[in-house]
Amino acid sequence: MISIENLTVSYDKKVRVLNNLNLILKDSQIHGIVGLNGAGKTTLLNTLYGLIKPDSGNIFLDGHSITKKQIGYLETENFFYSNITGEEYLKIFRNSNFNIEGWNDLFRLPLKELIETYSNGMKKKLALLAILKQDKPVMILDEPFNGLDIETTRIVRSILLSIKEHKIIIITSHIMETLTNLCDEISYLEQGVINSTKTKGEFDAFGKELYARIEEKNKEALERLLL
């Protein structure tokens with residue numbers, strides 16, 4: 001279990017992005033994080049992984065401070081070294097039990113070709129393969145379905161559902177339906193705090209409420225444009 005306690009993060013000690021945030025993420029579940037642009041989703045993920053040092057607060061995994069060694073992190077934009085092949089990239093991550101050929105039967109990547117020749121979708125699939133090879137107890141996936149075709153999206157969904165029993169998986173997405181079709185819980189991040197956390201039986205009502213709030217927020221501006 002991950003326990004996030006009173007987490008506060010500011011930029012330049014002036015702009016507070018996360019404000020005394022508290023959240024519990026249970027074992028063997030897929031947890032969705034949803035929020036409007038600027039809500040602090042990526043900041044939360046970067047702080048979990050240790051890329052950002054919080055002003056205050058704690059993050060525990062099973063009662064101990066969480067470390068990078070326990071987390072596989074798929075960022076929205078993936079970095080790759082130049083002039084290496086997909087196969088060479090995957091060799092950076094040690095796991096002698098990982099069947100690269102077997103997993104690549106699902107992703108069908110040209111692993112012997114240079115990564116710079118890959119499309120954006122292919123690069124996303126390669127980054128996902130690397131996360132799977134690391135086999136960490138915690139997986140953080142920031143917009144993992146961006147750039148993926150319909151078939152690969154379904155494959156990734158099936159993989160995550162198959163491996164979640166032994167992991168804590170955290171996913172963000174701008175597409176609400178992506179989360180409701182996959183997650184066990186969805187937490188709504190708003191103005192730097194977790195506004196609410198919903199379970200499967202509450203997803204439909206939560207989605208309708210969220211869309212209604214967004215539409216109401218922009219209704220007046222839209223009406224003025226249509227006059």
# chains A, B, ... in the order shown; residues from 1 in each chain; ligands from 1
$ closest_atom_pairs --of "range 120-186 of chain A" --to "range 16-26 of chain A" --cutoff "10 Å" --atoms "only C-alpha atoms" --output "JSON lines"
{"residue": "A:Lys167", "atom": "CA", "partner": "A:Lys26", "partner_atom": "CA", "distance": 9.3}
{"residue": "A:Ile168", "atom": "CA", "partner": "A:Lys26", "partner_atom": "CA", "distance": 6.9}
{"residue": "A:Ile169", "atom": "CA", "partner": "A:Leu25", "partner_atom": "CA", "distance": 8.8}
{"residue": "A:Ile170", "atom": "CA", "partner": "A:Leu25", "partner_atom": "CA", "distance": 8.5}
{"residue": "A:Asp184", "atom": "CA", "partner": "A:Lys26", "partner_atom": "CA", "distance": 9.7}
{"residue": "A:Glu185", "atom": "CA", "partner": "A:Leu25", "partner_atom": "CA", "distance": 8.8}
$ residues_around --residues "Asp55 in chain A" --least-positions-apart "6" --cutoff "8 Å" --atoms "only C-alpha atoms" --output "list in words"
Leu7, Thr8, Val9 and Ser10 of chain A
$ write_last_selection --atoms "C-alpha atoms" --output "PDB file, in the first residue's frame"
ATOM      1  CA  LEU A   7       2.122  16.302   0.581  1.00  0.00           C
ATOM      2  CA  THR A   8       2.859  19.904  -0.355  1.00  0.00           C
ATOM      3  CA  VAL A   9       4.833  20.962  -3.435  1.00  0.00           C
ATOM      4  CA  SER A  10       5.563  24.505  -4.595  1.00  0.00           C
TER       5      SER A  10
END
$ select_by_dssp --residues "range 113-194 of chain A" --states "alpha helix (DSSP H)" --output "compact mmCIF listing (two decimals) with all heavy atoms, in the first residue's frame"
# COMPACT_ATOMS: atom_id res chain seq x y z
N ASN A 120 5.97 7.76 -33.28
CA ASN A 120 5.68 8.08 -31.88
C ASN A 120 5.01 6.91 -31.17
O ASN A 120 5.30 6.62 -30.01
CB ASN A 120 4.80 9.32 -31.80
CG ASN A 120 5.55 10.60 -32.13
OD1 ASN A 120 6.78 10.66 -31.99
ND2 ASN A 120 4.84 11.61 -32.59
N GLY A 121 4.09 6.24 -31.87
CA GLY A 121 3.42 5.09 -31.27
C GLY A 121 4.38 3.95 -30.98
O GLY A 121 4.28 3.28 -29.94
N MET A 122 5.33 3.71 -31.88
CA MET A 122 6.33 2.66 -31.68
C MET A 122 7.23 2.99 -30.49
O MET A 122 7.59 2.11 -29.70
CB MET A 122 7.14 2.46 -32.95
CG MET A 122 6.34 1.86 -34.10
SD MET A 122 7.14 2.06 -35.70
CE MET A 122 8.56 0.99 -35.51
N LYS A 123 7.59 4.26 -30.35
CA LYS A 123 8.42 4.68 -29.21
C LYS A 123 7.67 4.47 -27.90
O LYS A 123 8.27 4.06 -26.89
CB LYS A 123 8.83 6.15 -29.36
CG LYS A 123 9.84 6.38 -30.47
CD LYS A 123 10.16 7.85 -30.63
CE LYS A 123 11.16 8.08 -31.75
NZ LYS A 123 11.44 9.52 -31.96
N LYS A 124 6.37 4.75 -27.91
CA LYS A 124 5.57 4.52 -26.71
C LYS A 124 5.56 3.05 -26.34
O LYS A 124 5.71 2.67 -25.18
CB LYS A 124 4.15 5.03 -26.93
CG LYS A 124 3.20 4.79 -25.76
CD LYS A 124 3.50 5.70 -24.58
CE LYS A 124 3.05 7.10 -24.86
NZ LYS A 124 3.16 7.98 -23.67
N LYS A 125 5.41 2.18 -27.35
CA LYS A 125 5.39 0.74 -27.09
C LYS A 125 6.75 0.25 -26.57
O LYS A 125 6.80 -0.60 -25.68
CB LYS A 125 5.01 -0.02 -28.37
CG LYS A 125 3.55 0.15 -28.75
CD LYS A 125 3.11 -0.83 -29.82
CE LYS A 125 3.51 -0.41 -31.19
NZ LYS A 125 2.93 -1.30 -32.24
N LEU A 126 7.84 0.81 -27.10
CA LEU A 126 9.17 0.43 -26.62
C LEU A 126 9.35 0.85 -25.16
O LEU A 126 9.88 0.08 -24.34
CB LEU A 126 10.24 1.09 -27.49
CG LEU A 126 11.68 0.77 -27.10
CD1 LEU A 126 11.98 -0.72 -27.24
CD2 LEU A 126 12.65 1.59 -27.96
N ALA A 127 8.89 2.06 -24.82
CA ALA A 127 8.99 2.53 -23.44
C ALA A 127 8.16 1.64 -22.51
O ALA A 127 8.58 1.33 -21.38
CB ALA A 127 8.52 3.98 -23.34
N LEU A 128 6.99 1.20 -22.96
CA LEU A 128 6.17 0.29 -22.17
C LEU A 128 6.85 -1.05 -21.96
O LEU A 128 6.81 -1.63 -20.86
CB LEU A 128 4.82 0.09 -22.85
CG LEU A 128 3.79 1.22 -22.67
CD1 LEU A 128 2.65 1.08 -23.67
CD2 LEU A 128 3.24 1.22 -21.25
N LEU A 129 7.51 -1.56 -23.01
CA LEU A 129 8.25 -2.82 -22.87
C LEU A 129 9.34 -2.68 -21.82
O LEU A 129 9.57 -3.61 -21.03
CB LEU A 129 8.88 -3.20 -24.21
CG LEU A 129 8.08 -4.12 -25.14
CD1 LEU A 129 8.86 -4.37 -26.42
CD2 LEU A 129 7.75 -5.43 -24.45
N ALA A 130 10.02 -1.53 -21.81
CA ALA A 130 11.07 -1.31 -20.82
C ALA A 130 10.52 -1.30 -19.40
O ALA A 130 11.13 -1.85 -18.48
CB ALA A 130 11.79 0.01 -21.12
N ILE A 131 9.35 -0.68 -19.21
CA ILE A 131 8.72 -0.66 -17.89
C ILE A 131 8.34 -2.07 -17.46
O ILE A 131 8.55 -2.47 -16.30
CB ILE A 131 7.47 0.24 -17.91
CG1 ILE A 131 7.85 1.70 -18.17
CG2 ILE A 131 6.70 0.13 -16.60
CD1 ILE A 131 8.72 2.32 -17.10
N LEU A 132 7.80 -2.85 -18.39
CA LEU A 132 7.44 -4.24 -18.08
C LEU A 132 8.67 -5.06 -17.73
O LEU A 132 8.63 -5.89 -16.82
CB LEU A 132 6.70 -4.86 -19.26
CG LEU A 132 5.29 -4.30 -19.53
CD1 LEU A 132 4.78 -4.79 -20.88
CD2 LEU A 132 4.33 -4.72 -18.42
N LYS A 133 9.76 -4.83 -18.43
CA LYS A 133 10.99 -5.59 -18.15
C LYS A 133 11.53 -5.26 -16.77
O LYS A 133 12.07 -6.14 -16.08
CB LYS A 133 12.05 -5.30 -19.21
CG LYS A 133 13.30 -6.17 -19.05
CD LYS A 133 14.35 -5.92 -20.11
CE LYS A 133 15.53 -6.86 -19.88
NZ LYS A 133 16.64 -6.60 -20.84
N GLN A 134 11.40 -4.02 -16.33
CA GLN A 134 11.90 -3.64 -15.01
C GLN A 134 11.17 -4.37 -13.89
O GLN A 134 11.74 -4.63 -12.83
CB GLN A 134 11.78 -2.12 -14.83
CG GLN A 134 12.70 -1.33 -15.72
CD GLN A 134 12.44 0.16 -15.63
OE1 GLN A 134 12.43 0.74 -14.53
NE2 GLN A 134 12.23 0.80 -16.76
N ILE A 150 -5.75 1.43 -31.77
CA ILE A 150 -6.82 0.76 -31.03
C ILE A 150 -6.39 -0.63 -30.56
O ILE A 150 -6.64 -1.01 -29.41
CB ILE A 150 -8.08 0.64 -31.92
CG1 ILE A 150 -8.65 2.04 -32.22
CG2 ILE A 150 -9.15 -0.20 -31.23
CD1 ILE A 150 -9.77 2.04 -33.22
N GLU A 151 -5.72 -1.38 -31.44
CA GLU A 151 -5.32 -2.74 -31.07
C GLU A 151 -4.33 -2.73 -29.92
O GLU A 151 -4.48 -3.48 -28.94
CB GLU A 151 -4.70 -3.46 -32.27
CG GLU A 151 -4.27 -4.89 -31.97
CD GLU A 151 -3.61 -5.58 -33.13
OE1 GLU A 151 -3.30 -4.90 -34.13
OE2 GLU A 151 -3.40 -6.80 -33.05
N THR A 152 -3.31 -1.87 -30.00
CA THR A 152 -2.30 -1.82 -28.94
C THR A 152 -2.89 -1.33 -27.63
O THR A 152 -2.52 -1.79 -26.55
CB THR A 152 -1.12 -0.92 -29.36
OG1 THR A 152 -0.62 -1.34 -30.62
CG2 THR A 152 0.00 -1.00 -28.34
N THR A 153 -3.84 -0.39 -27.72
CA THR A 153 -4.53 0.08 -26.51
C THR A 153 -5.20 -1.07 -25.78
O THR A 153 -5.11 -1.19 -24.55
CB THR A 153 -5.56 1.16 -26.88
OG1 THR A 153 -4.89 2.30 -27.42
CG2 THR A 153 -6.36 1.59 -25.65
N ARG A 154 -5.87 -1.93 -26.53
CA ARG A 154 -6.54 -3.08 -25.91
C ARG A 154 -5.53 -4.08 -25.37
O ARG A 154 -5.75 -4.69 -24.32
CB ARG A 154 -7.45 -3.76 -26.93
CG ARG A 154 -8.60 -2.90 -27.43
CD ARG A 154 -9.50 -2.41 -26.32
NE ARG A 154 -10.23 -3.48 -25.66
CZ ARG A 154 -11.10 -3.30 -24.69
NH1 ARG A 154 -11.35 -2.08 -24.25
NH2 ARG A 154 -11.73 -4.32 -24.15
N ILE A 155 -4.40 -4.24 -26.07
CA ILE A 155 -3.36 -5.15 -25.60
C ILE A 155 -2.79 -4.66 -24.27
O ILE A 155 -2.63 -5.43 -23.31
CB ILE A 155 -2.24 -5.30 -26.65
CG1 ILE A 155 -2.75 -6.10 -27.85
CG2 ILE A 155 -1.01 -5.98 -26.06
CD1 ILE A 155 -1.81 -6.09 -29.04
N VAL A 156 -2.48 -3.36 -24.22
CA VAL A 156 -1.92 -2.79 -22.98
C VAL A 156 -2.92 -2.92 -21.84
O VAL A 156 -2.55 -3.26 -20.71
CB VAL A 156 -1.52 -1.31 -23.20
CG1 VAL A 156 -1.13 -0.66 -21.88
CG2 VAL A 156 -0.37 -1.22 -24.20
N ARG A 157 -4.18 -2.68 -22.13
CA ARG A 157 -5.22 -2.84 -21.11
C ARG A 157 -5.23 -4.26 -20.57
O ARG A 157 -5.27 -4.48 -19.35
CB ARG A 157 -6.60 -2.49 -21.69
CG ARG A 157 -7.76 -2.65 -20.71
CD ARG A 157 -9.09 -2.31 -21.38
NE ARG A 157 -10.19 -2.41 -20.43
CZ ARG A 157 -10.81 -3.55 -20.13
NH1 ARG A 157 -10.44 -4.68 -20.71
NH2 ARG A 157 -11.81 -3.54 -19.25
N SER A 158 -5.17 -5.24 -21.45
CA SER A 158 -5.17 -6.65 -21.03
C SER A 158 -3.93 -6.98 -20.20
O SER A 158 -4.01 -7.71 -19.20
CB SER A 158 -5.23 -7.57 -22.26
OG SER A 158 -6.43 -7.39 -22.97
N ILE A 159 -2.78 -6.43 -20.59
CA ILE A 159 -1.54 -6.67 -19.84
C ILE A 159 -1.67 -6.13 -18.42
O ILE A 159 -1.34 -6.81 -17.44
CB ILE A 159 -0.34 -6.02 -20.56
CG1 ILE A 159 -0.02 -6.78 -21.85
CG2 ILE A 159 0.89 -6.00 -19.64
CD1 ILE A 159 1.00 -6.06 -22.73
N LEU A 160 -2.14 -4.89 -18.30
CA LEU A 160 -2.23 -4.27 -16.98
C LEU A 160 -3.20 -5.02 -16.08
O LEU A 160 -2.94 -5.21 -14.88
CB LEU A 160 -2.66 -2.80 -17.12
CG LEU A 160 -1.66 -1.89 -17.86
CD1 LEU A 160 -2.22 -0.48 -17.97
CD2 LEU A 160 -0.31 -1.88 -17.16
N LEU A 161 -4.32 -5.45 -16.63
CA LEU A 161 -5.27 -6.22 -15.84
C LEU A 161 -4.69 -7.56 -15.41
O LEU A 161 -5.01 -8.07 -14.32
CB LEU A 161 -6.56 -6.44 -16.65
CG LEU A 161 -7.43 -5.20 -16.87
CD1 LEU A 161 -8.56 -5.51 -17.85
CD2 LEU A 161 -7.99 -4.68 -15.56
N SER A 162 -3.79 -8.11 -16.22
CA SER A 162 -3.20 -9.43 -15.92
C SER A 162 -2.12 -9.35 -14.86
O SER A 162 -1.91 -10.31 -14.11
CB SER A 162 -2.62 -10.04 -17.20
OG SER A 162 -3.62 -10.27 -18.16
N ILE A 163 -1.40 -8.20 -14.79
CA ILE A 163 -0.27 -8.12 -13.87
C ILE A 163 -0.57 -7.35 -12.59
O ILE A 163 0.26 -7.30 -11.68
CB ILE A 163 0.96 -7.47 -14.55
CG1 ILE A 163 0.68 -6.00 -14.89
CG2 ILE A 163 1.36 -8.25 -15.80
CD1 ILE A 163 1.89 -5.26 -15.44
N MET A 176 -11.55 10.20 -19.93
CA MET A 176 -12.20 9.61 -18.76
C MET A 176 -12.55 8.14 -19.01
O MET A 176 -12.39 7.29 -18.12
CB MET A 176 -13.45 10.42 -18.42
CG MET A 176 -14.12 10.00 -17.14
SD MET A 176 -13.09 10.38 -15.70
CE MET A 176 -14.18 9.86 -14.38
N GLU A 177 -13.02 7.83 -20.22
CA GLU A 177 -13.46 6.46 -20.51
C GLU A 177 -12.30 5.47 -20.42
O GLU A 177 -12.50 4.29 -20.09
CB GLU A 177 -14.09 6.39 -21.91
CG GLU A 177 -15.46 7.06 -22.01
CD GLU A 177 -15.38 8.58 -22.04
OE1 GLU A 177 -14.26 9.12 -22.20
OE2 GLU A 177 -16.44 9.23 -21.89
N THR A 178 -11.09 5.93 -20.71
CA THR A 178 -9.92 5.07 -20.59
C THR A 178 -9.76 4.59 -19.15
O THR A 178 -9.45 3.43 -18.90
CB THR A 178 -8.65 5.82 -21.02
OG1 THR A 178 -8.78 6.22 -22.38
CG2 THR A 178 -7.42 4.95 -20.88
N LEU A 179 -9.99 5.49 -18.22
CA LEU A 179 -9.83 5.15 -16.81
C LEU A 179 -10.99 4.31 -16.28
O LEU A 179 -10.78 3.34 -15.55
CB LEU A 179 -9.70 6.44 -15.98
CG LEU A 179 -8.49 7.32 -16.29
CD1 LEU A 179 -8.51 8.58 -15.43
CD2 LEU A 179 -7.19 6.57 -16.09
N THR A 180 -12.21 4.66 -16.66
CA THR A 180 -13.36 3.93 -16.13
C THR A 180 -13.40 2.49 -16.64
O THR A 180 -13.95 1.61 -15.97
CB THR A 180 -14.68 4.63 -16.50
OG1 THR A 180 -14.78 4.77 -17.92
CG2 THR A 180 -14.77 6.00 -15.85
$ atom_distance --atom1 "CA of Lys112 in chain A" --atom2 "CA of Leu90 in chain A"
11.0 Å
$ residues_around --residues "Asp62 in chain A" --least-positions-apart "3" --cutoff "10 Å" --atoms "only C-alpha atoms" --output "ChimeraX atom specification"
/A:1-3,26-27,59,65-66
$ write_last_selection --atoms "all heavy atoms" --output "mmCIF file, in the first residue's frame"
data_model
loop_
_atom_site.group_PDB
_atom_site.id
_atom_site.type_symbol
_atom_site.label_atom_id
_atom_site.label_comp_id
_atom_site.auth_asym_id
_atom_site.auth_seq_id
_atom_site.Cartn_x
_atom_site.Cartn_y
_atom_site.Cartn_z
ATOM 1 N N MET A 1 0.833 -1.197 0.000
ATOM 2 C CA MET A 1 0.000 0.000 0.000
ATOM 3 C C MET A 1 0.871 1.252 0.000
ATOM 4 O O MET A 1 1.873 1.320 0.715
ATOM 5 C CB MET A 1 -0.909 0.013 1.231
ATOM 6 C CG MET A 1 -1.846 1.211 1.304
ATOM 7 S SD MET A 1 -2.928 1.160 2.750
ATOM 8 C CE MET A 1 -1.754 1.598 4.041
ATOM 9 N N ILE A 2 0.489 2.228 -0.817
ATOM 10 C CA ILE A 2 1.156 3.528 -0.814
ATOM 11 C C ILE A 2 0.310 4.502 -0.001
ATOM 12 O O ILE A 2 -0.894 4.619 -0.218
ATOM 13 C CB ILE A 2 1.354 4.074 -2.240
ATOM 14 C CG1 ILE A 2 2.354 3.202 -3.012
ATOM 15 C CG2 ILE A 2 1.843 5.524 -2.206
ATOM 16 C CD1 ILE A 2 2.528 3.612 -4.460
ATOM 17 N N SER A 3 0.962 5.187 0.913
ATOM 18 C CA SER A 3 0.288 6.193 1.722
ATOM 19 C C SER A 3 0.960 7.544 1.490
ATOM 20 O O SER A 3 2.152 7.709 1.760
ATOM 21 C CB SER A 3 0.372 5.813 3.213
ATOM 22 O OG SER A 3 -0.198 6.809 4.022
ATOM 23 N N LYS A 26 -4.128 1.281 -2.756
ATOM 24 C CA LYS A 26 -4.093 -0.092 -2.255
ATOM 25 C C LYS A 26 -3.341 -1.031 -3.195
ATOM 26 O O LYS A 26 -3.191 -0.764 -4.386
ATOM 27 C CB LYS A 26 -5.525 -0.599 -2.058
ATOM 28 C CG LYS A 26 -6.330 0.224 -1.070
ATOM 29 C CD LYS A 26 -7.781 -0.216 -1.056
ATOM 30 C CE LYS A 26 -8.632 0.676 -0.165
ATOM 31 N NZ LYS A 26 -10.074 0.345 -0.260
ATOM 32 N N ASP A 27 -2.890 -2.148 -2.623
ATOM 33 C CA ASP A 27 -2.205 -3.177 -3.401
ATOM 34 C C ASP A 27 -3.158 -3.837 -4.387
ATOM 35 O O ASP A 27 -4.384 -3.851 -4.194
ATOM 36 C CB ASP A 27 -1.645 -4.265 -2.480
ATOM 37 C CG ASP A 27 -0.584 -3.752 -1.529
ATOM 38 O OD1 ASP A 27 0.036 -2.717 -1.832
ATOM 39 O OD2 ASP A 27 -0.387 -4.373 -0.470
ATOM 40 N N ILE A 59 5.732 10.056 1.709
ATOM 41 C CA ILE A 59 5.189 9.029 0.823
ATOM 42 C C ILE A 59 5.765 7.689 1.272
ATOM 43 O O ILE A 59 6.986 7.490 1.228
ATOM 44 C CB ILE A 59 5.544 9.291 -0.655
ATOM 45 C CG1 ILE A 59 5.111 10.699 -1.071
ATOM 46 C CG2 ILE A 59 4.887 8.241 -1.548
ATOM 47 C CD1 ILE A 59 5.613 11.105 -2.444
ATOM 48 N N SER A 65 9.623 4.656 3.593
ATOM 49 C CA SER A 65 9.731 5.693 2.572
ATOM 50 C C SER A 65 9.960 5.067 1.203
ATOM 51 O O SER A 65 10.837 4.214 1.040
ATOM 52 C CB SER A 65 10.875 6.652 2.909
ATOM 53 O OG SER A 65 10.582 7.369 4.097
ATOM 54 N N ILE A 66 9.192 5.494 0.231
ATOM 55 C CA ILE A 66 9.283 4.920 -1.105
ATOM 56 C C ILE A 66 10.558 5.406 -1.797
ATOM 57 O O ILE A 66 11.045 6.503 -1.537
ATOM 58 C CB ILE A 66 8.028 5.291 -1.930
ATOM 59 C CG1 ILE A 66 7.855 4.351 -3.125
ATOM 60 C CG2 ILE A 66 8.054 6.748 -2.361
ATOM 61 C CD1 ILE A 66 6.494 4.447 -3.777
#
$ atom_distance --atom1 "CA of Ser196 in chain A" --atom2 "CA of Val138 in chain A"
22.0 Å
$ atom_distance --atom1 "CA of Asn78 in chain A" --atom2 "CA of Arg94 in chain A"
19.0 Å
$ closest_residue --among "A:Asn6, A:Pro110, A:Glu75, A:Trp103" --to "Phe60 in chain A" --atoms "only C-alpha atoms"
A:Asn6
$ residues_around --residues "His166 in chain A" --least-positions-apart "5" --cutoff "9 Å" --atoms "only C-alpha atoms" --output "PyMOL selection string"
chain A and resi 27-29+137
$ write_last_selection --atoms "all heavy atoms" --output "tab-separated table (two decimals), in the first residue's frame"
chain	number	residue	atom	x	y	z
A	27	ASP	N	-2.89	-2.15	-2.62
A	27	ASP	CA	-2.20	-3.18	-3.40
A	27	ASP	C	-3.16	-3.84	-4.39
A	27	ASP	O	-4.38	-3.85	-4.19
A	27	ASP	CB	-1.65	-4.27	-2.48
A	27	ASP	CG	-0.58	-3.75	-1.53
A	27	ASP	OD1	0.04	-2.72	-1.83
A	27	ASP	OD2	-0.39	-4.37	-0.47
A	28	SER	N	-2.59	-4.39	-5.46
A	28	SER	CA	-3.32	-5.22	-6.43
A	28	SER	C	-4.47	-4.45	-7.08
A	28	SER	O	-5.51	-5.04	-7.37
A	28	SER	CB	-3.84	-6.49	-5.77
A	28	SER	OG	-2.80	-7.20	-5.15
A	29	GLN	N	-4.26	-3.17	-7.28
A	29	GLN	CA	-5.30	-2.35	-7.91
A	29	GLN	C	-4.68	-1.39	-8.92
A	29	GLN	O	-3.50	-1.05	-8.84
A	29	GLN	CB	-6.08	-1.55	-6.87
A	29	GLN	CG	-7.00	-2.38	-6.00
A	29	GLN	CD	-7.97	-1.53	-5.20
A	29	GLN	OE1	-7.87	-0.31	-5.16
A	29	GLN	NE2	-8.92	-2.17	-4.55
A	137	PRO	N	7.49	-3.19	-8.24
A	137	PRO	CA	6.21	-3.37	-7.54
A	137	PRO	C	5.23	-2.23	-7.75
A	137	PRO	O	4.02	-2.40	-7.59
A	137	PRO	CB	6.62	-3.48	-6.07
A	137	PRO	CG	7.95	-2.83	-5.98
A	137	PRO	CD	8.62	-3.09	-7.29
$ residues_around --residues "range 33-48 of chain A" --least-positions-apart "5" --cutoff "7 Å" --atoms "only C-alpha atoms" --output "list in words"
Val17, Leu18, Lys53, Pro54, Ile171, Thr172, Ser173, Ile186, Ser187, Tyr188, Leu189, Glu190, Gln191 and Gly192 of chain A
$ select_by_dssp --residues "range 31-220 of chain A" --states "strand (DSSP E or B)" --output "PyMOL selection string"
chain A and resi 31-34+56-61+64-65+71-74+85+114+138-142+168-172+185-190+193-199
$ decode --residues "range 63-127 of chain A" --atoms "C-alpha atoms" --output "mmCIF file, in the first residue's frame"
data_model
loop_
_atom_site.group_PDB
_atom_site.id
_atom_site.type_symbol
_atom_site.label_atom_id
_atom_site.label_comp_id
_atom_site.auth_asym_id
_atom_site.auth_seq_id
_atom_site.Cartn_x
_atom_site.Cartn_y
_atom_site.Cartn_z
ATOM 1 C CA GLY A 63 5.246 1.670 5.954
ATOM 2 C CA HIS A 64 8.669 2.658 4.590
ATOM 3 C CA SER A 65 9.731 5.693 2.572
ATOM 4 C CA ILE A 66 9.283 4.920 -1.105
ATOM 5 C CA THR A 67 12.342 4.917 -3.400
ATOM 6 C CA LYS A 68 12.969 5.051 -7.157
ATOM 7 C CA LYS A 69 14.176 1.445 -7.063
ATOM 8 C CA GLN A 70 10.598 0.356 -6.329
ATOM 9 C CA ILE A 71 8.990 2.311 -9.181
ATOM 10 C CA GLY A 72 8.778 1.927 -12.933
ATOM 11 C CA TYR A 73 7.841 5.319 -14.370
ATOM 12 C CA LEU A 74 6.490 5.865 -17.881
ATOM 13 C CA GLU A 75 6.578 9.611 -18.514
ATOM 14 C CA THR A 76 4.363 11.328 -21.077
ATOM 15 C CA GLU A 77 7.383 12.191 -23.235
ATOM 16 C CA ASN A 78 9.908 9.387 -23.462
ATOM 17 C CA PHE A 79 13.678 9.904 -23.728
ATOM 18 C CA PHE A 80 15.900 7.574 -25.755
ATOM 19 C CA TYR A 81 19.633 7.659 -26.404
ATOM 20 C CA SER A 82 20.557 8.392 -30.011
ATOM 21 C CA ASN A 83 22.030 5.824 -32.383
ATOM 22 C CA ILE A 84 20.827 2.746 -30.534
ATOM 23 C CA THR A 85 18.354 0.093 -31.558
ATOM 24 C CA GLY A 86 15.251 -0.919 -29.662
ATOM 25 C CA GLU A 87 17.007 -4.157 -28.721
ATOM 26 C CA GLU A 88 20.011 -2.269 -27.303
ATOM 27 C CA TYR A 89 17.727 0.019 -25.335
ATOM 28 C CA LEU A 90 15.921 -2.881 -23.676
ATOM 29 C CA LYS A 91 19.272 -4.436 -22.691
ATOM 30 C CA ILE A 92 19.913 -1.420 -20.446
ATOM 31 C CA PHE A 93 17.327 -2.830 -18.016
ATOM 32 C CA ARG A 94 18.400 -6.012 -16.258
ATOM 33 C CA ASN A 95 15.958 -8.894 -15.966
ATOM 34 C CA SER A 96 17.189 -12.261 -17.222
ATOM 35 C CA ASN A 97 13.707 -13.752 -16.825
ATOM 36 C CA PHE A 98 12.072 -11.288 -19.211
ATOM 37 C CA ASN A 99 11.160 -12.873 -22.541
ATOM 38 C CA ILE A 100 11.715 -9.982 -24.946
ATOM 39 C CA GLU A 101 10.767 -11.968 -28.043
ATOM 40 C CA GLY A 102 7.595 -13.269 -26.420
ATOM 41 C CA TRP A 103 6.473 -9.823 -25.264
ATOM 42 C CA ASN A 104 7.351 -8.321 -28.624
ATOM 43 C CA ASP A 105 4.975 -10.786 -30.288
ATOM 44 C CA LEU A 106 2.321 -8.495 -28.805
ATOM 45 C CA PHE A 107 3.941 -5.177 -29.773
ATOM 46 C CA ARG A 108 5.588 -6.197 -33.087
ATOM 47 C CA LEU A 109 8.437 -3.676 -32.902
ATOM 48 C CA PRO A 110 11.467 -3.746 -35.258
ATOM 49 C CA LEU A 111 13.864 -4.076 -32.341
ATOM 50 C CA LYS A 112 16.986 -4.335 -34.520
ATOM 51 C CA GLU A 113 16.300 -0.939 -36.117
ATOM 52 C CA LEU A 114 17.405 2.440 -34.730
ATOM 53 C CA ILE A 115 14.877 4.021 -32.379
ATOM 54 C CA GLU A 116 15.057 7.324 -34.260
ATOM 55 C CA THR A 117 13.316 5.603 -37.186
ATOM 56 C CA TYR A 118 10.341 4.684 -34.965
ATOM 57 C CA SER A 119 6.995 6.455 -35.079
ATOM 58 C CA ASN A 120 5.684 8.080 -31.881
ATOM 59 C CA GLY A 121 3.422 5.086 -31.271
ATOM 60 C CA MET A 122 6.326 2.659 -31.676
ATOM 61 C CA LYS A 123 8.421 4.680 -29.215
ATOM 62 C CA LYS A 124 5.570 4.523 -26.706
ATOM 63 C CA LYS A 125 5.394 0.735 -27.094
ATOM 64 C CA LEU A 126 9.170 0.433 -26.617
ATOM 65 C CA ALA A 127 8.985 2.526 -23.439
#
